[in-house]
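Trainee: Here you go, this is final.txt (compact mmCIF, C-alpha atoms).
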```
# COMPACT_ATOMS: atom_id res chain seq x y z
CA MET N 350 -42.75 28.17 19.11
CA ILE N 351 -42.88 27.58 15.35
CA ARG N 352 -39.92 29.90 14.90
CA LEU N 353 -37.95 28.01 17.56
CA LEU N 354 -38.77 24.67 15.92
CA ALA N 355 -37.60 25.99 12.56
CA LEU N 356 -34.35 27.13 14.17
CA PHE N 357 -33.71 23.68 15.65
CA THR N 358 -34.45 22.07 12.27
CA LEU N 359 -31.98 24.37 10.53
CA LEU N 360 -29.35 23.66 13.19
CA ALA N 361 -29.82 19.91 12.72
CA LEU N 362 -29.40 20.25 8.97
CA LEU N 363 -26.24 22.32 9.35
CA THR N 364 -24.81 19.85 11.86
CA GLY N 365 -25.53 16.96 9.49
CA CYS N 366 -23.81 18.75 6.62
CA ALA N 367 -20.77 19.56 8.73
CA SER N 368 -20.30 16.02 9.98
CA GLY N 369 -19.12 14.76 6.57
CA PRO N 370 -18.91 11.11 5.52
CA LYS N 371 -18.76 8.46 8.20
CA PHE N 372 -15.78 6.12 8.19
CA THR N 373 -15.25 2.91 10.12
CA VAL N 374 -13.76 3.09 13.61
CA ASP N 375 -12.64 0.33 15.96
CA ASP N 376 -15.67 -0.12 18.21
CA GLY N 377 -14.13 -3.05 20.07
CA ARG N 378 -16.27 -5.73 18.47
CA LYS N 379 -14.98 -9.27 17.92
CA VAL N 380 -13.22 -9.79 14.60
CA ASN N 381 -11.67 -12.75 12.80
CA GLU N 382 -8.35 -13.15 14.62
CA GLU N 383 -6.76 -15.08 11.77
CA LEU N 384 -7.67 -12.30 9.34
CA LEU N 385 -6.43 -9.69 11.82
CA ALA N 386 -3.07 -11.47 12.02
CA GLY N 387 -2.94 -11.57 8.22
CA MET N 388 -3.55 -7.82 8.05
CA LYS N 389 -0.75 -7.17 10.52
CA ALA N 390 1.59 -9.44 8.53
CA TYR N 391 0.60 -7.67 5.32
CA GLY N 392 1.44 -4.30 6.86
CA ALA N 393 4.77 -5.61 8.15
CA GLY N 394 5.56 -6.95 4.69
CA GLU N 395 4.87 -3.63 3.02
CA ARG N 396 6.98 -1.78 5.61
CA LEU N 397 9.83 -4.16 4.84
CA ILE N 398 9.56 -4.32 1.06
CA ARG N 399 8.89 -0.67 0.20
CA PRO N 400 12.37 0.52 1.30
CA ALA N 401 13.86 -2.48 -0.52
CA ILE N 402 12.13 -1.40 -3.73
CA GLY N 403 13.68 2.03 -3.27
CA ARG N 404 17.10 0.44 -2.76
CA SER N 405 16.73 -1.57 -5.95
CA ALA N 406 16.30 1.67 -7.92
CA ALA N 407 19.61 2.94 -6.54
CA LEU N 408 21.42 0.06 -8.27
CA MET N 409 20.64 1.78 -11.60
CA ASP N 410 20.65 -1.35 -13.76
CA LYS N 411 20.78 0.02 -17.32
CA GLU N 412 20.15 -3.31 -19.04
CA CYS N 413 16.72 -4.19 -17.65
CA ASP N 414 13.27 -3.20 -18.84
CA LYS N 415 11.82 -0.51 -16.60
CA GLN N 416 8.59 0.26 -14.81
CA TRP N 417 7.46 2.96 -12.39
CA GLU N 418 7.11 2.64 -8.63
CA LEU N 419 6.08 4.93 -5.76
CA PRO N 420 7.95 5.72 -2.53
CA PHE N 421 4.97 4.56 -0.47
CA ALA N 422 2.37 1.78 -0.31
CA VAL N 423 -1.33 2.29 0.35
CA ALA N 424 -4.36 0.30 1.46
CA THR N 425 -8.10 0.80 1.84
CA SER N 426 -10.89 -1.20 3.50
CA ALA N 427 -13.40 -0.13 0.84
CA GLY N 428 -15.21 -3.17 -0.51
CA TRP N 429 -14.72 -5.29 2.64
CA ASP N 430 -17.64 -6.24 4.88
CA GLU N 431 -18.45 -4.31 8.05
CA VAL N 432 -16.65 -6.52 10.58
CA ASP N 433 -13.56 -6.87 8.41
CA ARG N 434 -13.39 -3.09 8.01
CA VAL N 435 -13.13 -2.88 11.80
CA ALA N 436 -10.24 -5.36 11.63
CA TRP N 437 -8.45 -3.12 9.12
CA VAL N 438 -8.67 -0.20 11.54
CA ARG N 439 -7.46 -2.32 14.46
CA ALA N 440 -4.56 -3.84 12.54
CA LEU N 441 -3.24 -0.92 10.48
CA GLN N 442 -5.40 2.15 11.18
CA VAL N 443 -6.84 1.80 7.67
CA ASP N 444 -10.45 2.73 6.87
CA GLU N 445 -12.36 3.26 3.62
CA ARG N 446 -10.07 6.11 2.65
CA LEU N 447 -6.79 5.49 0.84
CA THR N 448 -4.15 5.31 3.57
CA VAL N 449 -0.36 5.15 3.41
CA ILE N 450 0.81 2.03 5.27
CA ALA N 451 4.52 1.98 4.35
CA ALA N 452 7.07 4.39 2.94
CA THR N 453 10.69 4.78 1.96
CA ALA N 454 12.92 7.04 4.04
CA ASP N 455 12.62 9.86 1.50
CA SER N 456 8.88 9.52 0.86
CA PRO N 457 6.97 12.84 0.95
CA LEU N 458 4.07 10.97 2.58
CA PRO N 459 4.62 9.18 5.91
CA ALA N 460 2.67 6.15 7.06
CA GLY N 461 -0.77 7.07 8.33
CA THR N 462 -1.41 9.78 5.74
CA ARG N 463 -4.91 9.62 4.25
CA LEU N 464 -5.36 10.69 0.64
CA ASN N 465 -8.45 12.29 -0.90
CA HIS N 466 -7.09 13.83 -4.09
CA ILE N 467 -4.96 12.32 -6.87
CA ALA N 468 -3.64 14.36 -9.81
CA GLY N 469 -6.55 16.79 -9.95
CA LYS N 470 -9.32 14.31 -9.04
CA ALA N 471 -10.93 14.16 -5.59
CA SER N 472 -12.86 11.39 -3.84
CA ASP N 473 -13.35 9.65 -0.49
CA ASP N 474 -13.71 6.31 -2.31
CA GLY N 475 -10.51 4.40 -1.58
CA GLU N 476 -10.90 2.02 -4.52
CA LYS N 477 -11.36 4.86 -6.98
CA LEU N 478 -8.36 6.70 -5.54
CA LEU N 479 -6.27 3.54 -5.81
CA GLU N 480 -7.09 3.29 -9.51
CA TRP N 481 -6.19 6.95 -10.09
CA LEU N 482 -2.96 6.53 -8.15
CA ALA N 483 -1.87 3.61 -10.34
CA GLU N 484 -2.65 5.62 -13.47
CA ALA N 485 -0.65 8.61 -12.24
CA ARG N 486 2.26 6.35 -11.24
CA ASP N 487 2.43 4.69 -14.64
CA GLU N 488 2.65 8.03 -16.44
CA GLY N 489 6.04 8.42 -14.75
CA LYS N 490 5.69 12.16 -14.14
CA PRO N 491 5.51 14.11 -10.87
CA PHE N 492 1.92 14.67 -9.73
CA GLN N 493 0.13 16.18 -6.77
CA VAL N 494 -1.92 14.40 -4.15
CA GLY N 495 -4.13 15.90 -1.50
CA THR N 496 -4.40 14.70 2.09
CA THR N 497 -7.25 14.86 4.56
CA ALA N 498 -5.09 17.29 6.52
CA GLY N 499 -5.56 19.70 3.63
CA LYS N 500 -1.96 19.68 2.49
CA PRO N 501 -1.08 19.24 -1.22
CA VAL N 502 2.04 17.11 -1.73
CA GLN N 503 4.05 16.42 -4.87
CA VAL N 504 4.82 12.77 -5.55
CA LYS N 505 7.56 11.69 -7.94
CA PRO N 506 7.48 8.11 -9.31
CA PHE N 507 10.86 6.43 -9.70
CA GLN N 508 12.09 3.79 -12.13
CA VAL N 509 12.96 0.23 -11.19
CA CYS N 510 13.56 -2.93 -13.16
CA ARG N 511 10.32 -4.54 -14.31
CA GLY N 512 8.57 -6.93 -11.94
CA TYR N 513 6.32 -5.74 -9.11
CA THR N 514 6.99 -7.35 -5.73
CA ARG N 515 3.73 -7.75 -3.82
CA PHE N 516 2.29 -9.82 -0.96
CA ALA N 517 -0.86 -11.91 -0.82
CA ALA N 518 -3.98 -10.22 0.52
CA PRO N 519 -4.76 -10.82 4.22
CA ASN N 520 -7.82 -12.94 3.38
CA THR N 521 -5.79 -15.21 1.05
CA PRO N 522 -2.46 -15.38 2.93
CA GLN N 523 -1.16 -18.52 1.18
CA MET N 524 -1.73 -17.26 -2.34
CA GLN N 525 1.34 -17.03 -4.53
CA ASP N 526 1.76 -16.28 -8.20
CA TYR N 527 4.88 -15.57 -10.23
CA HIS N 528 4.38 -13.69 -13.45
CA TRP N 529 6.73 -11.61 -15.57
CA LEU N 530 4.83 -8.45 -14.58
CA LEU N 531 4.23 -9.20 -10.89
CA SER N 532 5.20 -11.75 -8.27
CA LEU N 533 2.75 -12.35 -5.43
CA HIS N 534 4.45 -13.80 -2.35
CA PRO N 535 2.62 -15.60 0.51
CA LEU N 536 2.46 -13.86 3.87
CA GLU N 537 4.41 -16.70 5.49
CA VAL N 538 7.53 -15.08 4.02
CA ILE N 539 7.06 -12.33 6.62
CA GLN N 540 6.85 -14.83 9.47
CA ALA N 541 10.54 -15.59 8.87
CA GLU N 542 11.26 -11.94 9.76
CA PRO N 543 13.53 -11.20 6.77
CA THR N 544 16.28 -8.63 7.18
CA PRO N 545 16.40 -5.52 4.95
CA ASP N 546 19.05 -7.24 2.79
CA GLU N 547 16.86 -10.31 2.41
CA ALA N 548 13.96 -8.07 1.43
CA LEU N 549 16.17 -6.48 -1.21
CA TRP N 550 17.10 -9.91 -2.51
CA LEU N 551 13.40 -10.77 -2.80
CA VAL N 552 12.86 -7.64 -4.91
CA LEU N 553 15.86 -8.44 -7.11
CA TRP N 554 14.71 -12.06 -7.47
CA THR N 555 11.31 -10.84 -8.64
CA GLN N 556 12.89 -8.44 -11.11
CA GLY N 557 15.21 -11.16 -12.38
CA LEU N 558 12.27 -13.52 -12.83
CA SER N 559 10.59 -10.84 -14.91
CA GLU N 560 13.61 -10.36 -17.14
CA GLU N 561 14.26 -14.00 -17.91
CA GLY N 562 10.88 -15.63 -17.43
CA GLY N 563 12.33 -17.76 -14.63
CA ALA N 564 15.25 -19.13 -16.66
CA ARG N 565 17.87 -16.96 -15.00
CA MET N 566 17.69 -14.82 -11.88
CA LYS N 567 19.81 -11.76 -11.25
CA THR N 568 22.95 -12.44 -9.27
CA TYR N 569 24.65 -9.88 -7.07
CA HIS N 570 27.59 -10.33 -4.74
CA TYR N 571 25.36 -10.75 -1.68
CA ALA N 572 22.63 -12.91 -3.24
CA ILE N 573 24.08 -16.35 -2.48
CA LYS N 574 24.75 -15.46 1.15
CA ILE N 575 21.19 -14.42 1.98
CA ALA N 576 19.07 -16.37 -0.50
CA GLY N 577 19.10 -19.55 1.55
CA THR N 578 17.52 -17.91 4.59
CA LEU N 579 14.68 -16.18 2.79
CA TYR N 580 12.09 -18.93 3.04
CA ASN N 581 13.42 -20.69 6.16
```
Let me see the file written as structure tokens.
Mentor:
Amino acid sequence: MIRLLALFTLLALLTGCASGPKFTVDDGRKVNEELLAGMKAYGAGERLIRPAIGRSAALMDKECDKQWELPFAVATSAGWDEVDRVAWVRALQVDERLTVIAATADSPLPAGTRLNHIAGKASDDGEKLLEWLAEARDEGKPFQVGTTAGKPVQVKPFQVCRGYTRFAAPNTPQMQDYHWLLSLHPLEVIQAEPTPDEALWLVLWTQGLSEEGGARMKTYHYAIKIAGTLYN
């Protein structure tokens, strides 16, 4: 009997070790619907703007100051409260792990990929991974990431004109800030359902704001045609 009890105890310990860390799942509970809508809008914005950022690099403007970007965007629910973490899963299939939510056509990582390893450092902490990812991006050199599927993937940052184009967080959807390093656009921009060309104009506008401090925006042959519809 004692031997059998010891066997069950060992089995329980092994099962506990094998289960790994627990991540949030959508258990069907009620969430903040306004926040949920904001999360969906945020995801839609990233899916729209990430390809536009890639297109801006193809213009190869030699006269602007440069910065590094990635061919994908990520999100994590780490740091949010329990109910809001459920909303992240329901809206974008994002949990505490660092998850790809948008990508360019040539991105080595498709949407839905979960990362656990950045440039030689491993973690299940999404916030820590996000910090490491930004550091690796800004070095401007190819680096490897690991996925929860166990597949190592090489990521190559690409150069764009200075001025990050980003959207407000889902819990502060109206926030907007325009700085020479980064422009934060409110989520209501996404409600207008911009076209891919309008998204590109938004990226170029942000980059032009960075170059001239707001005094002069970049002008391209299609800018005047689409600029007027961006915020309508």
Trainee: In terms of the shortest atom-to-atom distance over all atoms listed in the file, which of N:Leu478, N:Leu458, N:Leu447, N:Ile539 is closest to N:Val502?
Mentor: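 Checking each candidate against N:Val502, we get N:Leu458 as the closest.
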Trainee: Determine, for each residue of stretch 466-489 of chain N having at least one atom at most 7 Å from an atom of stretch 442-446 of chain N, the closest pair of atoms and their separation in Å to one decimal, counting only C-alpha atoms; order by chain and ascending number, as a tab-separated table.
Mentor:
```
residue	atom	partner	partner_atom	distance
N:Asp473	CA	N:Arg446	CA	5.8
N:Asp474	CA	N:Arg446	CA	6.2
N:Gly475	CA	N:Arg446	CA	4.6
```
Trainee: Which one of N:Val432, N:Ala541, N:Val504, N:Ala440 sits closest to N:Glu418 if you count all atoms listed in the file?
Mentor: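 Among the listed residues, the smallest separation from N:Glu418 belongs to N:Val504.
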Trainee: Kindly give the distance, in Å, that separates atom CA of N:Leu482 and atom CA of N:Pro501, rounded to a single decimal.
Mentor: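 We find that atom CA of N:Leu482 and atom CA of N:Pro501 lie 14.6 Å from each other.
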Trainee: Name the closest residue to N:His534 among the candidates N:Asp546, N:Met409, N:Phe516, N:Arg511; distances are taken between atoms, counting all atoms listed in the file.
Mentor: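 Going through N:Asp546, N:Met409, N:Phe516, N:Arg511 one by one, the smallest distance to N:His534 is for N:Phe516.
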Trainee: Could you list, as JSON, numbers by chain, every residue within 9 Å of N:Ala485, counting only C-alpha atoms and ignoring same-chain residues fewer than 6 positions away?
Mentor: {"N": [467, 468, 491, 492, 506]}
Trainee: Ranking N:Gly392, N:Pro400, N:Pro459, N:Gly387 by minimum distance to N:Glu547 and counting all atoms listed in the file, which one comes first?
Mentor: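 Counting all atoms listed in the file, the residue closest to N:Glu547 is N:Pro400.
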Trainee: Find, counting all atoms listed in the file, the residue in N:Pro535, N:Pro543, N:Gly557, N:Gly489 that gets nearest to N:Phe507.
Mentor: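 Of the candidates, the smallest distance to N:Phe507 is held by N:Gly489.
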Trainee: I need the residue nearest N:Val374 from this list: N:Lys411, N:Arg434, N:Lys389, N:Arg399. Use all atoms listed in the file for the distance.
Mentor: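 Nearest candidate to N:Val374 out of N:Lys411, N:Arg434, N:Lys389, N:Arg399: N:Arg434.
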Trainee: Please list, as a PyMOL selection string, the residues that have an atom at most 10 Å away from (-1.4, -21.5, 0.6) in the coordinates of this file, counting all atoms listed in the file.
Mentor: chain N and resi 517+521-525+535-537
Trainee: Could you state the separation of atom CA of N:Ala406 and atom CA of N:Gly495 in Å, given to one decimal place?
Mentor: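 Interatomic distance, atom CA of N:Ala406 to atom CA of N:Gly495: 25.7 Å.
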Trainee: I'd like the contact shell of stretch 451-456 of chain N - 10 Å cut-off, all atoms listed in the file, skipping same-chain residues fewer than 2 positions apart - returned as a short mmCIF file (atom, residue, chain, number, x, y, z; two decimals) with C-alpha atoms, in the frame of the given file.
Mentor:
```
data_model
loop_
_atom_site.label_atom_id
_atom_site.label_comp_id
_atom_site.auth_asym_id
_atom_site.auth_seq_id
_atom_site.Cartn_x
_atom_site.Cartn_y
_atom_site.Cartn_z
CA GLY N 392 1.44 -4.30 6.86
CA ALA N 393 4.77 -5.61 8.15
CA GLY N 394 5.56 -6.95 4.69
CA GLU N 395 4.87 -3.63 3.02
CA ARG N 396 6.98 -1.78 5.61
CA LEU N 397 9.83 -4.16 4.84
CA ILE N 398 9.56 -4.32 1.06
CA ARG N 399 8.89 -0.67 0.20
CA PRO N 400 12.37 0.52 1.30
CA ALA N 401 13.86 -2.48 -0.52
CA ILE N 402 12.13 -1.40 -3.73
CA GLY N 403 13.68 2.03 -3.27
CA ARG N 404 17.10 0.44 -2.76
CA LEU N 419 6.08 4.93 -5.76
CA PRO N 420 7.95 5.72 -2.53
CA PHE N 421 4.97 4.56 -0.47
CA ALA N 422 2.37 1.78 -0.31
CA VAL N 423 -1.33 2.29 0.35
CA ALA N 424 -4.36 0.30 1.46
CA THR N 448 -4.15 5.31 3.57
CA VAL N 449 -0.36 5.15 3.41
CA LEU N 458 4.07 10.97 2.58
CA PRO N 459 4.62 9.18 5.91
CA ALA N 460 2.67 6.15 7.06
CA GLY N 461 -0.77 7.07 8.33
CA THR N 462 -1.41 9.78 5.74
CA VAL N 504 4.82 12.77 -5.55
CA LYS N 505 7.56 11.69 -7.94
#
```
Trainee: What's the 10 Å shell around N:Asp414, counting only C-alpha atoms, without same-chain residues fewer than 3 positions away, as a PyMOL selection string?
Mentor: chain N and resi 410-411+508-512+556+559-560
Trainee: Write out the residues from the selection above, keeping C-alpha atoms, as a compact mmCIF listing (two decimals), in the coordinates of the input.
Mentor:
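Dumped everything to again_13.txt:
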```txt
# COMPACT_ATOMS: atom_id res chain seq x y z
CA ASP N 410 20.65 -1.35 -13.76
CA LYS N 411 20.78 0.02 -17.32
CA GLN N 508 12.09 3.79 -12.13
CA VAL N 509 12.96 0.23 -11.19
CA CYS N 510 13.56 -2.93 -13.16
CA ARG N 511 10.32 -4.54 -14.31
CA GLY N 512 8.57 -6.93 -11.94
CA GLN N 556 12.89 -8.44 -11.11
CA SER N 559 10.59 -10.84 -14.91
CA GLU N 560 13.61 -10.36 -17.14
```
Trainee: Please, could N, CA and C atoms be added to stretch 457-478 of chain N and the result written as an mmCIF file, in the coordinates of the input?
Mentor:
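Below is the file that was written, selection.cif:
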```cif
data_model
loop_
_atom_site.group_PDB
_atom_site.id
_atom_site.type_symbol
_atom_site.label_atom_id
_atom_site.label_comp_id
_atom_site.auth_asym_id
_atom_site.auth_seq_id
_atom_site.Cartn_x
_atom_site.Cartn_y
_atom_site.Cartn_z
ATOM 1 N N PRO N 457 7.607 11.596 0.509
ATOM 2 C CA PRO N 457 6.970 12.840 0.950
ATOM 3 C C PRO N 457 5.731 12.580 1.804
ATOM 4 N N LEU N 458 5.256 11.335 1.814
ATOM 5 C CA LEU N 458 4.070 10.970 2.580
ATOM 6 C C LEU N 458 4.428 9.898 3.607
ATOM 7 N N PRO N 459 4.324 10.187 4.888
ATOM 8 C CA PRO N 459 4.620 9.180 5.910
ATOM 9 C C PRO N 459 3.454 8.217 6.094
ATOM 10 N N ALA N 460 3.726 7.107 6.740
ATOM 11 C CA ALA N 460 2.670 6.150 7.060
ATOM 12 C C ALA N 460 1.598 6.828 7.900
ATOM 13 N N GLY N 461 0.357 6.480 7.619
ATOM 14 C CA GLY N 461 -0.770 7.070 8.330
ATOM 15 C C GLY N 461 -1.456 8.191 7.578
ATOM 16 N N THR N 462 -0.815 8.714 6.538
ATOM 17 C CA THR N 462 -1.410 9.780 5.740
ATOM 18 C C THR N 462 -2.623 9.247 4.978
ATOM 19 N N ARG N 463 -3.712 10.001 5.007
ATOM 20 C CA ARG N 463 -4.910 9.620 4.250
ATOM 21 C C ARG N 463 -5.053 10.536 3.044
ATOM 22 N N LEU N 464 -5.288 9.943 1.888
ATOM 23 C CA LEU N 464 -5.360 10.690 0.640
ATOM 24 C C LEU N 464 -6.817 10.886 0.205
ATOM 25 N N ASN N 465 -7.104 12.043 -0.374
ATOM 26 C CA ASN N 465 -8.450 12.290 -0.900
ATOM 27 C C ASN N 465 -8.426 12.976 -2.265
ATOM 28 N N HIS N 466 -7.235 13.073 -2.845
ATOM 29 C CA HIS N 466 -7.090 13.830 -4.090
ATOM 30 C C HIS N 466 -5.870 13.276 -4.827
ATOM 31 N N ILE N 467 -6.060 12.857 -6.068
ATOM 32 C CA ILE N 467 -4.960 12.320 -6.870
ATOM 33 C C ILE N 467 -4.933 13.022 -8.226
ATOM 34 N N ALA N 468 -3.868 13.752 -8.487
ATOM 35 C CA ALA N 468 -3.640 14.360 -9.810
ATOM 36 C C ALA N 468 -4.867 15.098 -10.339
ATOM 37 N N GLY N 469 -5.435 15.956 -9.502
ATOM 38 C CA GLY N 469 -6.550 16.790 -9.950
ATOM 39 C C GLY N 469 -7.927 16.196 -9.758
ATOM 40 N N LYS N 470 -8.018 14.955 -9.248
ATOM 41 C CA LYS N 470 -9.320 14.310 -9.040
ATOM 42 C C LYS N 470 -9.494 13.988 -7.560
ATOM 43 N N ALA N 471 -10.671 14.318 -7.022
ATOM 44 C CA ALA N 471 -10.930 14.160 -5.590
ATOM 45 C C ALA N 471 -12.014 13.131 -5.330
ATOM 46 N N SER N 472 -11.864 12.381 -4.232
ATOM 47 C CA SER N 472 -12.860 11.390 -3.840
ATOM 48 C C SER N 472 -12.541 10.884 -2.437
ATOM 49 N N ASP N 473 -13.568 10.357 -1.751
ATOM 50 C CA ASP N 473 -13.350 9.650 -0.490
ATOM 51 C C ASP N 473 -13.450 8.138 -0.706
ATOM 52 N N ASP N 474 -13.623 7.719 -1.948
ATOM 53 C CA ASP N 474 -13.710 6.310 -2.310
ATOM 54 C C ASP N 474 -12.298 5.756 -2.486
ATOM 55 N N GLY N 475 -11.868 4.913 -1.550
ATOM 56 C CA GLY N 475 -10.510 4.400 -1.580
ATOM 57 C C GLY N 475 -10.184 3.600 -2.831
ATOM 58 N N GLU N 476 -11.154 2.830 -3.330
ATOM 59 C CA GLU N 476 -10.900 2.020 -4.520
ATOM 60 C C GLU N 476 -10.704 2.886 -5.756
ATOM 61 N N LYS N 477 -11.493 3.944 -5.850
ATOM 62 C CA LYS N 477 -11.360 4.860 -6.980
ATOM 63 C C LYS N 477 -10.020 5.586 -6.918
ATOM 64 N N LEU N 478 -9.644 6.022 -5.717
ATOM 65 C CA LEU N 478 -8.360 6.700 -5.540
ATOM 66 C C LEU N 478 -7.195 5.777 -5.883
#
```
